[in-house]
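Reviewing the structure listed below.
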Amino acid sequence: MKRVFSGVQPTGNIHLGNYLGALKQFVELQDDHECIYCIVDEHAITVPQDPKALREHILDVAALYLAVGVDPKKSIVFVQSDVPGHAELGWVLTCQSYTGELSRMTQFKDKSKNKESAPTGLFTYPVLMAADILLYDTDIVPVGNDQKQHIELCRDIATRVNNKYKKTFVIPEGRYLKEGARIMALDDPTKKMSKSAENIHSRISLLDDPAKIKKSIMKATTDSDGVVKFDVENKPGISNLLNIYSVLSGISVEDLEAKYEGKGYGDFKKDLVEVTVEALAPIRSRYEEIRHSEELIEILKDGAQRADAIAQKTMARVKDHFGLGLGR
Ligand code: AMP
Ligand code: TRP
């Protein structure tokens with residue numbers, strides 16, 4: 001069975017972009033793959049975090065994993081900092097990466113823009129991500145396509161190590177959904193939907209109530225020609241909404257265009273509100289059930305143990321190939 005690994009940062013506001021780009025794939029893959037899903041708290045501290053809030057967000061994201069349908073009987077679910085191998089391999093790989101290639105990462109450029117100085121961790125973040133993936137001999141990494149550049153870097157580093165030392169790593173592949181791979185902000189469809197945008201109506205969070213969902217969708221930026229048609233270049237707003245509608249309902253974009261021919265954006269948006277509310281309601285209620293349960297803690301503890309067993313084997317191999325430690 002092929003192995004799958006992915007991670008989400010423990011910050012609030014897990015949104016439709018996270019769900020359609022990443023989490024939905026997590027669930028689809030778990031029947032015929034060996035899946036490992038991580039809450040990457042060590043990535044979160046590359047930007048300032050309030051310690052209390054961080055702890056809460058770790059459990060929020062863990063509960064959301066389960067609420068969208070990740071099944072701990074099939075998949076390993078755990079918190080990154082519970083497995084020391086991530087930071088350990090992260091250092092080894094830092095020594096195998098170049099400042100030049102890290103300087104080209106667009107996420108770093110975006111996040112450090114207009115700042116006088118940036119934490120070193122923000123710069124080396126993609127190397128830690130490579131460590132997350134390589135630590136588990138991962139074959140497939142389901143992510144939104146904003147992570148493509150990081151996945152390519154991971155493959156480069158792994159190939160470099162394999163060529164320089166004994167063959168150490170499996171070369172992973174990214175898995176991106178065609179639709180939903182990039183969900184755009186509702187207030188500005190030229191930007192991706194993000195957890196950190198100030199305007200709460202730029203995103204739909206998975207835990208938003210129906211009134212908030214309605215408001216955000218009805219306010220969403222479209223255009224003035226009133227035709228429901230998929231055309232990312234000229235009609236980015238309506239195309240984004242069509243995309244969301246299609247993935248949530250399972251109706252193809254062409255069928256949706258036909259359904260709304262001759263109707264205005266108002267009707268289209270009203271129906272999209274309904275589809276979205278219906279899709280998110282069961283997630284919200286399962287989340288409420290699990291979030292404060294002892295079961296959640298047990299699942300994460302058990303997940304960390306199982307992940308650590310795999311990680312330790314990889315680290316022993318890495319140390320052996322690099323000549324680290326005593327070797328016995
Ligand atoms: P992050 O919010 O950066 O921790 O991302 C968690 C997962 O969601 C990653 O796989 C991202 O690629 C994916 N993701 C984040 N934002 C979007 C978006 N706007 N559209 C699609 N996928 C996204
Ligand atoms: N960098 C990813 C993001 O911001 C999160 C992440 C960290 C990740 N480590 C990973 C995703 C390993 C996939 C595999 O979305």
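So you can find residues: chains in the structure tokens are A, B, ... in the order shown, residues in each start at 1, and ligands are numbered from 1 in order.
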Worksheet item: DSSP says helix (DSSP H, G or I) for which residues of segment 210-263 of chain A? Put them as JSON, numbers by chain?
Response: {"A": [210, 211, 212, 213, 214, 215, 216, 217, 218, 219, 236, 237, 238, 239, 240, 241, 242, 243, 244, 245, 246, 247, 248, 249, 253, 254, 255, 256, 257, 258, 259]}
Which protein, DNA or RNA residues have an atom within 9 Å of ligand 2, counting only C-alpha atoms and all ligand atoms, as a PDB file with N, CA, C and O atoms, in the first residue's frame?
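So pocket_38.pdb came out as:
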```pdb
ATOM      1  N   PHE A   5       1.185  11.247   3.343  1.00  0.00           N
ATOM      2  CA  PHE A   5       1.409  12.125   4.493  1.00  0.00           C
ATOM      3  C   PHE A   5       0.953  13.537   4.139  1.00  0.00           C
ATOM      4  O   PHE A   5       1.208  14.017   3.042  1.00  0.00           O
ATOM      5  N   SER A   6       0.287  14.204   5.089  1.00  0.00           N
ATOM      6  CA  SER A   6       0.032  15.633   4.909  1.00  0.00           C
ATOM      7  C   SER A   6      -0.128  16.310   6.256  1.00  0.00           C
ATOM      8  O   SER A   6      -0.282  15.635   7.289  1.00  0.00           O
ATOM      9  N   GLY A   7      -0.085  17.631   6.250  1.00  0.00           N
ATOM     10  CA  GLY A   7      -0.191  18.380   7.500  1.00  0.00           C
ATOM     11  C   GLY A   7      -0.946  19.680   7.304  1.00  0.00           C
ATOM     12  O   GLY A   7      -0.987  20.232   6.211  1.00  0.00           O
ATOM     13  N   VAL A   8      -1.557  20.121   8.398  1.00  0.00           N
ATOM     14  CA  VAL A   8      -2.225  21.420   8.412  1.00  0.00           C
ATOM     15  C   VAL A   8      -1.749  22.163   9.651  1.00  0.00           C
ATOM     16  O   VAL A   8      -1.541  21.569  10.708  1.00  0.00           O
ATOM     17  N   GLN A   9      -1.570  23.468   9.514  1.00  0.00           N
ATOM     18  CA  GLN A   9      -1.113  24.250  10.659  1.00  0.00           C
ATOM     19  C   GLN A   9      -2.242  24.496  11.655  1.00  0.00           C
ATOM     20  O   GLN A   9      -3.366  24.761  11.250  1.00  0.00           O
ATOM     21  N   ASN A  18      -8.997  25.173   2.668  1.00  0.00           N
ATOM     22  CA  ASN A  18      -8.301  24.048   3.320  1.00  0.00           C
ATOM     23  C   ASN A  18      -9.067  22.750   3.093  1.00  0.00           C
ATOM     24  O   ASN A  18      -8.482  21.707   2.847  1.00  0.00           O
ATOM     25  N   ALA A  22      -7.355  20.364   0.537  1.00  0.00           N
ATOM     26  CA  ALA A  22      -6.567  19.356   1.247  1.00  0.00           C
ATOM     27  C   ALA A  22      -7.410  18.306   1.981  1.00  0.00           C
ATOM     28  O   ALA A  22      -7.366  17.120   1.659  1.00  0.00           O
ATOM     29  N   TYR A  37      -1.687  11.771   9.035  1.00  0.00           N
ATOM     30  CA  TYR A  37      -2.086  13.176   9.002  1.00  0.00           C
ATOM     31  C   TYR A  37      -1.628  13.877  10.277  1.00  0.00           C
ATOM     32  O   TYR A  37      -1.877  13.419  11.385  1.00  0.00           O
ATOM     33  N   CYS A  38      -0.955  14.994  10.069  1.00  0.00           N
ATOM     34  CA  CYS A  38      -0.236  15.647  11.152  1.00  0.00           C
ATOM     35  C   CYS A  38      -0.789  17.049  11.392  1.00  0.00           C
ATOM     36  O   CYS A  38      -1.252  17.709  10.462  1.00  0.00           O
ATOM     37  N   ILE A  39      -0.720  17.480  12.637  1.00  0.00           N
ATOM     38  CA  ILE A  39      -1.015  18.876  12.962  1.00  0.00           C
ATOM     39  C   ILE A  39       0.338  19.518  13.204  1.00  0.00           C
ATOM     40  O   ILE A  39       1.033  19.177  14.165  1.00  0.00           O
ATOM     41  N   VAL A  40       0.734  20.397  12.294  1.00  0.00           N
ATOM     42  CA  VAL A  40       2.131  20.829  12.282  1.00  0.00           C
ATOM     43  C   VAL A  40       2.347  22.067  13.160  1.00  0.00           C
ATOM     44  O   VAL A  40       2.491  23.191  12.687  1.00  0.00           O
ATOM     45  N   ASP A  41       2.440  21.823  14.475  1.00  0.00           N
ATOM     46  CA  ASP A  41       2.598  22.939  15.410  1.00  0.00           C
ATOM     47  C   ASP A  41       3.981  23.581  15.331  1.00  0.00           C
ATOM     48  O   ASP A  41       4.134  24.770  15.593  1.00  0.00           O
ATOM     49  N   GLU A  42       4.997  22.790  14.940  1.00  0.00           N
ATOM     50  CA  GLU A  42       6.333  23.400  14.831  1.00  0.00           C
ATOM     51  C   GLU A  42       6.408  24.360  13.643  1.00  0.00           C
ATOM     52  O   GLU A  42       7.227  25.288  13.641  1.00  0.00           O
ATOM     53  N   HIS A  43       5.552  24.148  12.660  1.00  0.00           N
ATOM     54  CA  HIS A  43       5.467  25.127  11.570  1.00  0.00           C
ATOM     55  C   HIS A  43       4.775  26.403  12.020  1.00  0.00           C
ATOM     56  O   HIS A  43       5.115  27.488  11.579  1.00  0.00           O
ATOM     57  N   ALA A  44       3.794  26.231  12.911  1.00  0.00           N
ATOM     58  CA  ALA A  44       3.010  27.398  13.338  1.00  0.00           C
ATOM     59  C   ALA A  44       3.880  28.432  14.053  1.00  0.00           C
ATOM     60  O   ALA A  44       3.639  29.634  13.933  1.00  0.00           O
ATOM     61  N   GLN A  80       2.774  17.122  15.454  1.00  0.00           N
ATOM     62  CA  GLN A  80       4.168  17.105  15.013  1.00  0.00           C
ATOM     63  C   GLN A  80       5.178  17.112  16.171  1.00  0.00           C
ATOM     64  O   GLN A  80       6.107  16.293  16.194  1.00  0.00           O
ATOM     65  N   GLN A 107       6.272  31.682  -0.850  1.00  0.00           N
ATOM     66  CA  GLN A 107       5.586  31.878   0.431  1.00  0.00           C
ATOM     67  C   GLN A 107       6.455  32.683   1.396  1.00  0.00           C
ATOM     68  O   GLN A 107       5.964  33.558   2.110  1.00  0.00           O
ATOM     69  N   TYR A 125      11.454  27.043   6.901  1.00  0.00           N
ATOM     70  CA  TYR A 125      10.179  26.319   6.987  1.00  0.00           C
ATOM     71  C   TYR A 125      10.015  25.218   5.932  1.00  0.00           C
ATOM     72  O   TYR A 125       9.629  24.092   6.253  1.00  0.00           O
ATOM     73  N   PRO A 126      10.327  25.488   4.656  1.00  0.00           N
ATOM     74  CA  PRO A 126      10.143  24.414   3.657  1.00  0.00           C
ATOM     75  C   PRO A 126      11.038  23.201   3.905  1.00  0.00           C
ATOM     76  O   PRO A 126      10.704  22.091   3.479  1.00  0.00           O
ATOM     77  N   LEU A 128      11.787  22.042   6.962  1.00  0.00           N
ATOM     78  CA  LEU A 128      11.073  21.269   7.986  1.00  0.00           C
ATOM     79  C   LEU A 128       9.925  20.498   7.338  1.00  0.00           C
ATOM     80  O   LEU A 128       9.657  19.337   7.675  1.00  0.00           O
ATOM     81  N   MET A 129       9.278  21.115   6.379  1.00  0.00           N
ATOM     82  CA  MET A 129       8.187  20.436   5.666  1.00  0.00           C
ATOM     83  C   MET A 129       8.725  19.223   4.901  1.00  0.00           C
ATOM     84  O   MET A 129       8.102  18.163   4.875  1.00  0.00           O
ATOM     85  N   ALA A 130       9.902  19.386   4.296  1.00  0.00           N
ATOM     86  CA  ALA A 130      10.524  18.248   3.595  1.00  0.00           C
ATOM     87  C   ALA A 130      10.806  17.119   4.588  1.00  0.00           C
ATOM     88  O   ALA A 130      10.583  15.934   4.300  1.00  0.00           O
ATOM     89  N   ALA A 131      11.277  17.505   5.789  1.00  0.00           N
ATOM     90  CA  ALA A 131      11.558  16.497   6.819  1.00  0.00           C
ATOM     91  C   ALA A 131      10.284  15.749   7.209  1.00  0.00           C
ATOM     92  O   ALA A 131      10.281  14.520   7.335  1.00  0.00           O
ATOM     93  N   ASP A 132       9.179  16.490   7.372  1.00  0.00           N
ATOM     94  CA  ASP A 132       7.896  15.858   7.726  1.00  0.00           C
ATOM     95  C   ASP A 132       7.585  14.734   6.739  1.00  0.00           C
ATOM     96  O   ASP A 132       7.159  13.640   7.121  1.00  0.00           O
ATOM     97  N   ILE A 133       7.769  15.050   5.491  1.00  0.00           N
ATOM     98  CA  ILE A 133       7.366  14.134   4.417  1.00  0.00           C
ATOM     99  C   ILE A 133       8.331  12.948   4.316  1.00  0.00           C
ATOM    100  O   ILE A 133       7.921  11.788   4.264  1.00  0.00           O
ATOM    101  N   VAL A 141       1.666  13.170  -1.340  1.00  0.00           N
ATOM    102  CA  VAL A 141       1.365  14.275  -0.436  1.00  0.00           C
ATOM    103  C   VAL A 141       0.170  15.069  -0.974  1.00  0.00           C
ATOM    104  O   VAL A 141       0.316  15.857  -1.912  1.00  0.00           O
ATOM    105  N   PRO A 142      -1.027  14.865  -0.401  1.00  0.00           N
ATOM    106  CA  PRO A 142      -2.186  15.639  -0.859  1.00  0.00           C
ATOM    107  C   PRO A 142      -2.169  17.040  -0.261  1.00  0.00           C
ATOM    108  O   PRO A 142      -2.194  17.208   0.957  1.00  0.00           O
ATOM    109  N   VAL A 143      -2.102  18.050  -1.116  1.00  0.00           N
ATOM    110  CA  VAL A 143      -2.075  19.451  -0.658  1.00  0.00           C
ATOM    111  C   VAL A 143      -2.766  20.341  -1.684  1.00  0.00           C
ATOM    112  O   VAL A 143      -3.001  19.931  -2.815  1.00  0.00           O
ATOM    113  N   GLY A 144      -3.049  21.553  -1.266  1.00  0.00           N
ATOM    114  CA  GLY A 144      -3.522  22.570  -2.211  1.00  0.00           C
ATOM    115  C   GLY A 144      -2.342  22.985  -3.075  1.00  0.00           C
ATOM    116  O   GLY A 144      -1.185  22.846  -2.663  1.00  0.00           O
ATOM    117  N   ASP A 146      -0.961  25.662  -3.706  1.00  0.00           N
ATOM    118  CA  ASP A 146      -0.045  26.692  -3.200  1.00  0.00           C
ATOM    119  C   ASP A 146       1.217  26.057  -2.592  1.00  0.00           C
ATOM    120  O   ASP A 146       2.203  26.742  -2.344  1.00  0.00           O
ATOM    121  N   GLN A 147       1.187  24.737  -2.387  1.00  0.00           N
ATOM    122  CA  GLN A 147       2.335  24.055  -1.773  1.00  0.00           C
ATOM    123  C   GLN A 147       3.249  23.385  -2.802  1.00  0.00           C
ATOM    124  O   GLN A 147       4.213  22.707  -2.437  1.00  0.00           O
ATOM    125  N   HIS A 150       6.973  23.978  -2.527  1.00  0.00           N
ATOM    126  CA  HIS A 150       7.591  23.301  -1.384  1.00  0.00           C
ATOM    127  C   HIS A 150       7.781  21.808  -1.659  1.00  0.00           C
ATOM    128  O   HIS A 150       8.756  21.209  -1.221  1.00  0.00           O
ATOM    129  N   ILE A 151       6.819  21.212  -2.352  1.00  0.00           N
ATOM    130  CA  ILE A 151       6.922  19.783  -2.674  1.00  0.00           C
ATOM    131  C   ILE A 151       8.103  19.565  -3.640  1.00  0.00           C
ATOM    132  O   ILE A 151       8.870  18.601  -3.488  1.00  0.00           O
ATOM    133  N   GLY A 174       3.473  15.163  -5.139  1.00  0.00           N
ATOM    134  CA  GLY A 174       2.341  15.976  -4.676  1.00  0.00           C
ATOM    135  C   GLY A 174       1.071  15.467  -5.331  1.00  0.00           C
ATOM    136  O   GLY A 174       1.112  14.931  -6.432  1.00  0.00           O
TER     137      GLY A 174
END
```
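With only C-alpha atoms as the atoms that count, the residue of A:His292, A:Ile217, A:Gln305, A:Leu206 with the shortest distance to Lys270 of chain A is A:Ile217.
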Worksheet item: Of the residues A:Lys74, A:Lys195, A:Arg306, A:Lys109, which is the one nearest to ligand 1, using only C-alpha atoms and all ligand atoms?
Response: A:Lys195
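Neighbours of Arg291 of chain A closer than or equal to 8 Å, with only C-alpha atoms counted and sequence neighbours fewer than 4 positions away skipped, come out as Leu59, Asp60, Ala63, Tyr287 and Leu296 of chain A.
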Item to complete: For Phe268 of chain A, please output as JSON, numbers by chain all residues within 10 Å (counting only C-alpha atoms; exclusion window: fewer than 4 positions along the same chain).
Response: {"A": [218, 228, 238, 241, 242, 245, 256, 257, 259, 260, 263, 264, 272, 273]}
Keeping all heavy atoms, export the residues of the selection given above as an mmCIF file, in the first residue's frame.
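out24.cif written:
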```cif
data_model
loop_
_atom_site.group_PDB
_atom_site.id
_atom_site.type_symbol
_atom_site.label_atom_id
_atom_site.label_comp_id
_atom_site.auth_asym_id
_atom_site.auth_seq_id
_atom_site.Cartn_x
_atom_site.Cartn_y
_atom_site.Cartn_z
ATOM 1 N N MET A 218 -23.435 36.136 -0.069
ATOM 2 C CA MET A 218 -24.211 37.184 -0.723
ATOM 3 C C MET A 218 -23.351 38.423 -0.997
ATOM 4 O O MET A 218 -23.585 39.141 -1.960
ATOM 5 C CB MET A 218 -25.450 37.560 0.112
ATOM 6 C CG MET A 218 -26.481 36.428 0.285
ATOM 7 S SD MET A 218 -26.901 35.419 -1.169
ATOM 8 C CE MET A 218 -28.021 36.470 -2.077
ATOM 9 N N VAL A 228 -23.826 33.640 -15.466
ATOM 10 C CA VAL A 228 -23.139 32.605 -14.691
ATOM 11 C C VAL A 228 -22.332 31.730 -15.652
ATOM 12 O O VAL A 228 -22.853 30.818 -16.284
ATOM 13 C CB VAL A 228 -24.142 31.743 -13.885
ATOM 14 C CG1 VAL A 228 -23.407 30.652 -13.113
ATOM 15 C CG2 VAL A 228 -24.949 32.615 -12.935
ATOM 16 N N ILE A 238 -17.124 34.924 -10.129
ATOM 17 C CA ILE A 238 -18.173 33.928 -10.372
ATOM 18 C C ILE A 238 -17.541 32.552 -10.649
ATOM 19 O O ILE A 238 -18.096 31.523 -10.274
ATOM 20 C CB ILE A 238 -19.131 34.401 -11.504
ATOM 21 C CG1 ILE A 238 -20.515 33.780 -11.327
ATOM 22 C CG2 ILE A 238 -18.612 34.099 -12.881
ATOM 23 C CD1 ILE A 238 -21.318 34.326 -10.200
ATOM 24 N N LEU A 241 -16.864 30.964 -7.349
ATOM 25 C CA LEU A 241 -18.105 30.475 -6.732
ATOM 26 C C LEU A 241 -18.610 29.215 -7.440
ATOM 27 O O LEU A 241 -19.101 28.280 -6.797
ATOM 28 C CB LEU A 241 -19.186 31.567 -6.756
ATOM 29 C CG LEU A 241 -18.891 32.834 -5.927
ATOM 30 C CD1 LEU A 241 -20.062 33.818 -6.015
ATOM 31 C CD2 LEU A 241 -18.588 32.507 -4.471
ATOM 32 N N LEU A 242 -18.457 29.182 -8.762
ATOM 33 C CA LEU A 242 -18.857 27.989 -9.519
ATOM 34 C C LEU A 242 -18.025 26.777 -9.085
ATOM 35 O O LEU A 242 -18.533 25.674 -8.910
ATOM 36 C CB LEU A 242 -18.652 28.224 -11.021
ATOM 37 C CG LEU A 242 -19.850 28.782 -11.801
ATOM 38 C CD1 LEU A 242 -19.420 29.247 -13.183
ATOM 39 C CD2 LEU A 242 -20.962 27.730 -11.926
ATOM 40 N N TYR A 245 -19.224 25.656 -5.657
ATOM 41 C CA TYR A 245 -20.537 25.011 -5.834
ATOM 42 C C TYR A 245 -20.338 23.602 -6.399
ATOM 43 O O TYR A 245 -20.902 22.610 -5.902
ATOM 44 C CB TYR A 245 -21.374 25.870 -6.792
ATOM 45 C CG TYR A 245 -22.860 25.593 -6.816
ATOM 46 C CD1 TYR A 245 -23.761 26.651 -7.005
ATOM 47 C CD2 TYR A 245 -23.380 24.312 -6.682
ATOM 48 C CE1 TYR A 245 -25.138 26.430 -7.050
ATOM 49 C CE2 TYR A 245 -24.751 24.085 -6.728
ATOM 50 C CZ TYR A 245 -25.626 25.143 -6.920
ATOM 51 O OH TYR A 245 -26.979 24.918 -6.971
ATOM 52 N N LEU A 256 -23.805 23.264 -14.122
ATOM 53 C CA LEU A 256 -24.229 24.425 -13.332
ATOM 54 C C LEU A 256 -24.463 25.621 -14.243
ATOM 55 O O LEU A 256 -25.442 26.364 -14.080
ATOM 56 C CB LEU A 256 -23.178 24.766 -12.260
ATOM 57 C CG LEU A 256 -23.112 23.800 -11.073
ATOM 58 C CD1 LEU A 256 -21.941 24.140 -10.159
ATOM 59 C CD2 LEU A 256 -24.421 23.822 -10.270
ATOM 60 N N GLU A 257 -23.576 25.802 -15.216
ATOM 61 C CA GLU A 257 -23.762 26.914 -16.162
ATOM 62 C C GLU A 257 -25.118 26.779 -16.859
ATOM 63 O O GLU A 257 -25.855 27.759 -17.007
ATOM 64 C CB GLU A 257 -22.647 26.910 -17.225
ATOM 65 C CG GLU A 257 -21.311 27.416 -16.697
ATOM 66 C CD GLU A 257 -20.192 27.274 -17.734
ATOM 67 O OE1 GLU A 257 -20.359 26.497 -18.710
ATOM 68 O OE2 GLU A 257 -19.154 27.930 -17.560
ATOM 69 N N LYS A 259 -27.744 25.116 -15.758
ATOM 70 C CA LYS A 259 -28.822 25.288 -14.780
ATOM 71 C C LYS A 259 -29.152 26.776 -14.543
ATOM 72 O O LYS A 259 -30.296 27.129 -14.287
ATOM 73 C CB LYS A 259 -28.384 24.619 -13.469
ATOM 74 C CG LYS A 259 -29.370 24.647 -12.331
ATOM 75 C CD LYS A 259 -28.900 23.748 -11.181
ATOM 76 C CE LYS A 259 -29.536 24.211 -9.916
ATOM 77 N NZ LYS A 259 -30.155 23.363 -9.071
ATOM 78 N N TYR A 260 -28.120 27.623 -14.598
ATOM 79 C CA TYR A 260 -28.342 29.041 -14.274
ATOM 80 C C TYR A 260 -28.383 29.935 -15.506
ATOM 81 O O TYR A 260 -28.296 31.153 -15.390
ATOM 82 C CB TYR A 260 -27.294 29.529 -13.258
ATOM 83 C CG TYR A 260 -27.534 28.885 -11.927
ATOM 84 C CD1 TYR A 260 -26.809 27.758 -11.529
ATOM 85 C CD2 TYR A 260 -28.542 29.347 -11.083
ATOM 86 C CE1 TYR A 260 -27.067 27.124 -10.333
ATOM 87 C CE2 TYR A 260 -28.803 28.713 -9.882
ATOM 88 C CZ TYR A 260 -28.067 27.610 -9.511
ATOM 89 O OH TYR A 260 -28.343 26.988 -8.325
ATOM 90 N N LYS A 263 -30.554 33.117 -15.632
ATOM 91 C CA LYS A 263 -30.857 33.574 -14.267
ATOM 92 C C LYS A 263 -29.727 34.484 -13.778
ATOM 93 O O LYS A 263 -28.618 34.407 -14.273
ATOM 94 C CB LYS A 263 -30.977 32.372 -13.330
ATOM 95 C CG LYS A 263 -32.177 31.511 -13.637
ATOM 96 C CD LYS A 263 -32.340 30.456 -12.556
ATOM 97 C CE LYS A 263 -33.434 29.476 -12.941
ATOM 98 N NZ LYS A 263 -33.286 28.201 -12.266
ATOM 99 N N GLY A 264 -30.029 35.308 -12.793
ATOM 100 C CA GLY A 264 -29.016 36.249 -12.308
ATOM 101 C C GLY A 264 -28.137 35.653 -11.213
ATOM 102 O O GLY A 264 -28.319 34.503 -10.804
ATOM 103 N N LEU A 272 -26.242 28.550 -3.709
ATOM 104 C CA LEU A 272 -24.911 28.207 -3.201
ATOM 105 C C LEU A 272 -24.887 28.270 -1.670
ATOM 106 O O LEU A 272 -24.249 27.445 -1.012
ATOM 107 C CB LEU A 272 -23.842 29.141 -3.806
ATOM 108 C CG LEU A 272 -22.409 28.921 -3.313
ATOM 109 C CD1 LEU A 272 -21.936 27.486 -3.540
ATOM 110 C CD2 LEU A 272 -21.435 29.892 -3.992
ATOM 111 N N VAL A 273 -25.610 29.251 -1.113
ATOM 112 C CA VAL A 273 -25.718 29.333 0.352
ATOM 113 C C VAL A 273 -26.294 28.014 0.879
ATOM 114 O O VAL A 273 -25.747 27.399 1.800
ATOM 115 C CB VAL A 273 -26.629 30.514 0.785
ATOM 116 C CG1 VAL A 273 -26.926 30.440 2.288
ATOM 117 C CG2 VAL A 273 -25.988 31.849 0.436
#
```
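All residues within segment 79-311 of chain A that the backbone DSSP calculation assigns to strand (DSSP E or B) are A:Val79, A:Ile140, A:Val141, A:Pro142, A:Glu173, A:Gly174, A:Arg175, A:Met184, A:Lys192, A:Ser205, A:Asp231, A:Lys235.
Here atom CA of Val318 of chain A and atom CA of Lys148 of chain A stand 25.2 Å from one another.
With atom CA of Thr138 of chain A on one side and atom CA of Val170 of chain A on the other, the separation reads 6.5 Å.
Candidate residues A:Val70, A:Met1, A:Ile14, A:Val79 were compared for distance to Ile297 of chain A, and the nearest is A:Val79, using only C-alpha atoms.
Shortest separation to ligand 1 among A:Ile213, A:Leu54, A:Val61, A:Ala118 occurs at residue A:Val61, atoms counted being only C-alpha atoms and all ligand atoms.
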Worksheet item: Which of these, A:Thr190, A:Leu66, A:Ser196, A:Leu134, has the shortest distance to Phe169 of chain A once you count only C-alpha atoms?
Response: A:Leu134
Worksheet entry | Shell around Thr159 of chain A at 12 Å using only C-alpha atoms, local window under 3 positions removed, as a count of residues only | 21
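Remark: for ligand 1, the closest of the candidate residues A:Asp188, A:Asp208, A:Glu34, A:Asp137 is A:Asp188 (distances computed over only C-alpha atoms and all ligand atoms).
Atom pair atom CA of Glu88 of chain A / atom CA of Gly327 of chain A: separated by 16.3 Å.
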